[in-house]
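This report concerns only the one structure given below.
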Amino acid sequence: MAFQLKEGFLERHLTQSLGLNFDQLDQARKLNAQNHQGLLVNLQQMGIITERQSVEIQSEVFGTRLVRLKSYPLKADIVHLISEELRNKHQLLPLTKTGNILTVATASLFQGQAAVAEIQRSTQCFVNFVLAYSTEIGERLLEFSKAQENIDEMLETRARELSSAKDLSDQKLIDDPEGPVAQVINHLIHQAVTSGASDIHFEPLAQTYRVRFRIDGVLREVKSFDQVFTAPFSSATKIMSAMDIAETRMPQDGAFSSTIAGRNVDFRVATYPTEFGEKIVIRILDSNKEVSVDTLSLSEGEKNKLLQLIESPYGLILVTGPTGSGKTTTLYAVLSYLNSPKRNILTIEDPIEYRLGGISQAQVNTK
């Protein structure tokens, strides 16, 4: 790989520009043979070069861009693409995702490369590394961790308030938009949207009330409450969605909108009666999210094949797959690609999830 090809150039750079001698390099090589952390990391740990020198040398030798992290807002859905264990082990900070390109900040390209296979396997993205100072990466990782802890602490506080309430079925407690029930639900919704989730599942079980987010097609548990929260959570969510709160034995459908992080987001809600109470699924319809063929994480070959198919003047394309696999996103991406003033496009949808300007969209009449 490129790093290995340039190792000789790196050593010449260290001796010529920084005046390192053969003994220092040899000692660093021996350490690297033991810990596989890279020549520069070992020189830094030996106190021969500084952290700043290590990063700037990598940028110069390997031609990798050096960035300052203060200019990058951390987005939960991007940061969570790499597990907390992997982020901390290799000191990696995901910054942006464009199509199937994930940009990740690292202070050591050698350590970053050690994790690249696992990142690509778990995210299905190509990794684009940029360099940043180790202290800045550590500060931003700590900042992100504390923000997540604050959210968890707030949820725990509101849960304790609910637990101490004398009557969880008190309608005033459920109706209050500033009350603990509404605050917990609103914070979970906000967390789901900022995490890039497509669905929120509120699930009553025998002993607990489980909350899961579907992210990248996979359901992940994010919170668990006492089972007694089932009824107030169900009632409050049905009020938000304009459903009949008295009806608990039949499935219902509803919807609501909310402003999250400065953008309007639509939500479709479905209830389903189970043995332990009503299960609620909230589908997140973020019309602000970019939907295009370029954001489908397709390889160049797959993308070209898709474009060839949708440019065909006739034919039928079936889009199939399990929940959360990207069927809706793919269909709307294709519509966005085909949409132009020269074309007349009609759709029949159930339901209309994203509204596209210039296209005549029709909702199925189930009656």
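Residue numbering restarts at 1 in every chain; chains get A, B, ... in the order shown in the structure tokens, and ligands count up from 1 in that same order.
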
Which residues are close to region 298-309 of chain A, i.e. within 10 Å by only C-alpha atoms, leaving aside same-chain residues fewer than 3 positions away? Reply as a short mmCIF file (atom, residue, chain, number, x, y, z; two decimals) with N, CA, C and O atoms, in the first residue's frame.
data_model
loop_
_atom_site.label_atom_id
_atom_site.label_comp_id
_atom_site.auth_asym_id
_atom_site.auth_seq_id
_atom_site.Cartn_x
_atom_site.Cartn_y
_atom_site.Cartn_z
N GLY A 99 -22.41 10.10 0.05
CA GLY A 99 -22.61 8.87 -0.71
C GLY A 99 -22.07 7.71 0.10
O GLY A 99 -22.45 7.49 1.24
N ASN A 100 -21.16 6.95 -0.49
CA ASN A 100 -20.56 5.83 0.24
C ASN A 100 -19.10 6.13 0.63
O ASN A 100 -18.30 5.22 0.81
N GLN A 124 -20.11 -0.46 5.13
CA GLN A 124 -20.26 -0.59 3.67
C GLN A 124 -19.85 0.69 2.95
O GLN A 124 -20.41 1.05 1.92
N CYS A 125 -18.87 1.39 3.54
CA CYS A 125 -18.38 2.65 2.96
C CYS A 125 -16.89 2.56 2.66
O CYS A 125 -16.16 1.80 3.32
N PHE A 126 -16.46 3.34 1.69
CA PHE A 126 -15.03 3.54 1.49
C PHE A 126 -14.57 4.59 2.50
O PHE A 126 -15.30 5.53 2.81
N VAL A 293 -29.44 9.21 -6.46
CA VAL A 293 -28.73 7.98 -6.84
C VAL A 293 -27.32 8.00 -6.27
O VAL A 293 -26.77 6.95 -5.90
N ASP A 294 -26.71 9.18 -6.16
CA ASP A 294 -25.34 9.29 -5.66
C ASP A 294 -25.22 8.97 -4.18
O ASP A 294 -24.12 8.71 -3.68
N THR A 295 -26.33 9.01 -3.43
CA THR A 295 -26.28 8.75 -1.99
C THR A 295 -26.74 7.34 -1.63
O THR A 295 -26.96 7.04 -0.46
N SER A 312 -34.14 3.26 -19.53
CA SER A 312 -34.81 2.47 -20.56
C SER A 312 -36.22 3.02 -20.79
O SER A 312 -36.92 3.39 -19.84
N PRO A 313 -36.70 3.10 -22.05
CA PRO A 313 -38.01 3.70 -22.35
C PRO A 313 -39.18 2.81 -21.94
O PRO A 313 -40.33 3.24 -21.95
N TYR A 314 -38.95 1.56 -21.58
CA TYR A 314 -40.03 0.68 -21.17
C TYR A 314 -39.46 -0.38 -20.21
O TYR A 314 -38.25 -0.57 -20.11
N GLY A 315 -40.38 -1.09 -19.53
CA GLY A 315 -39.94 -2.15 -18.64
C GLY A 315 -40.47 -1.97 -17.23
O GLY A 315 -41.18 -0.99 -16.93
N LEU A 316 -40.16 -2.90 -16.35
CA LEU A 316 -40.62 -2.91 -14.96
C LEU A 316 -39.44 -3.21 -14.05
O LEU A 316 -38.67 -4.15 -14.31
N ILE A 317 -39.29 -2.42 -13.01
CA ILE A 317 -38.22 -2.65 -12.03
C ILE A 317 -38.87 -2.98 -10.69
O ILE A 317 -39.69 -2.22 -10.17
N VAL A 334 -34.58 7.24 -7.55
CA VAL A 334 -34.82 7.05 -8.98
C VAL A 334 -35.76 8.13 -9.51
O VAL A 334 -35.54 8.70 -10.59
N TYR A 337 -33.96 11.35 -9.90
CA TYR A 337 -33.08 11.33 -11.07
C TYR A 337 -33.88 11.56 -12.35
O TYR A 337 -33.45 12.30 -13.25
N LEU A 338 -35.06 10.94 -12.45
CA LEU A 338 -35.88 11.05 -13.66
C LEU A 338 -36.63 12.38 -13.76
O LEU A 338 -37.03 12.80 -14.85
#

**Study point:** Residues flagged helix (DSSP H, G or I) by DSSP in region 195-251 of chain A, as a VMD selection string
**Key:** chain A and resid 227 to 240

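The list of residues with at least one atom within 10 Å of Pro273 (chain A), based on only C-alpha atoms and without residues fewer than 3 positions apart in the same chain, reads A:Pro204, A:Glu247, A:Thr248, A:Arg249, A:Met250, A:Pro251, A:Gln252, A:Phe276, A:Gly277, A:Glu278, A:Lys279, A:Ile280.
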
Exercise for review: May I have the residues within 8 Å of Glu51 (chain A) as a list in words, using only C-alpha atoms and disregarding those fewer than 3 positions away in the same chain?
Suggested key: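 With the cut-off at 8 Å, the set is Gln44, Ser54, Val55, Tyr133 and Ser134 of chain A.
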
Review point. For Arg283 (chain A), which of A:Ala197, A:Arg212, A:Leu331, A:Ile48 is the closest residue, counting only C-alpha atoms?
Key: A:Ala197

Point to revise | Residue neighbourhood Asn365 (chain A), 12 Å, only C-alpha atoms, exclusion window fewer than 4 positions, as a PyMOL selection string | key: chain A and resi 348-352

Please dump the current selection as a PDB file, in the first residue's frame; keep N, CA, C and O atoms.
ATOM      1  N   ILE A 348     -48.322   6.224  -7.759  1.00  0.00           N
ATOM      2  CA  ILE A 348     -49.373   5.727  -6.876  1.00  0.00           C
ATOM      3  C   ILE A 348     -48.662   5.191  -5.647  1.00  0.00           C
ATOM      4  O   ILE A 348     -47.864   4.245  -5.748  1.00  0.00           O
ATOM      5  N   GLU A 349     -48.909   5.788  -4.483  1.00  0.00           N
ATOM      6  CA  GLU A 349     -48.132   5.476  -3.289  1.00  0.00           C
ATOM      7  C   GLU A 349     -49.028   5.185  -2.094  1.00  0.00           C
ATOM      8  O   GLU A 349     -50.139   5.697  -1.997  1.00  0.00           O
ATOM      9  N   ASP A 350     -48.527   4.366  -1.195  1.00  0.00           N
ATOM     10  CA  ASP A 350     -49.247   4.074   0.043  1.00  0.00           C
ATOM     11  C   ASP A 350     -48.238   3.848   1.175  1.00  0.00           C
ATOM     12  O   ASP A 350     -47.743   2.741   1.365  1.00  0.00           O
ATOM     13  N   PRO A 351     -47.907   4.895   1.937  1.00  0.00           N
ATOM     14  CA  PRO A 351     -48.366   6.276   1.767  1.00  0.00           C
ATOM     15  C   PRO A 351     -47.339   7.093   0.984  1.00  0.00           C
ATOM     16  O   PRO A 351     -46.286   6.576   0.610  1.00  0.00           O
ATOM     17  N   ILE A 352     -47.655   8.373   0.763  1.00  0.00           N
ATOM     18  CA  ILE A 352     -46.677   9.297   0.192  1.00  0.00           C
ATOM     19  C   ILE A 352     -45.717   9.687   1.320  1.00  0.00           C
ATOM     20  O   ILE A 352     -46.116  10.319   2.286  1.00  0.00           O
TER      21      ILE A 352
END

**Study point:** Contacts of region 239-242 of chain A within 12 Å, only C-alpha atoms, excl. fewer than 6 positions in-chain, as JSON, numbers by chain
**Key:** {"A": [171, 174, 175, 176, 177, 181, 182, 185, 186, 232, 233, 252, 253, 254, 255, 256, 257, 258, 266, 267, 268, 269, 270, 271, 280, 281, 282, 283]}

Exercise for review: Check the smallest atom-to-atom distance from each of A:Thr123, A:Ser292, A:Thr366, A:Gln113 to Val79 (chain A) using only C-alpha atoms, then report the winner.
Suggested key: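 Looking only at the distances to Val79 (chain A), the closest residue turns out to be A:Thr123.
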
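Shell of Phe129 (chain A) at 8 Å, with only C-alpha atoms counted and residues fewer than 5 places along the chain excluded, is Thr64, Thr103, Val104, Ala105, Thr106, Leu109 and Gly112 of chain A.
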
Point to revise | Of the listed residues A:Ala147, A:Met46, A:Leu40, A:Leu20, that which approaches Ala107 (chain A) most closely, counting only C-alpha atoms | key: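 Selected residue with least distance to Ala107 (chain A): A:Leu40.
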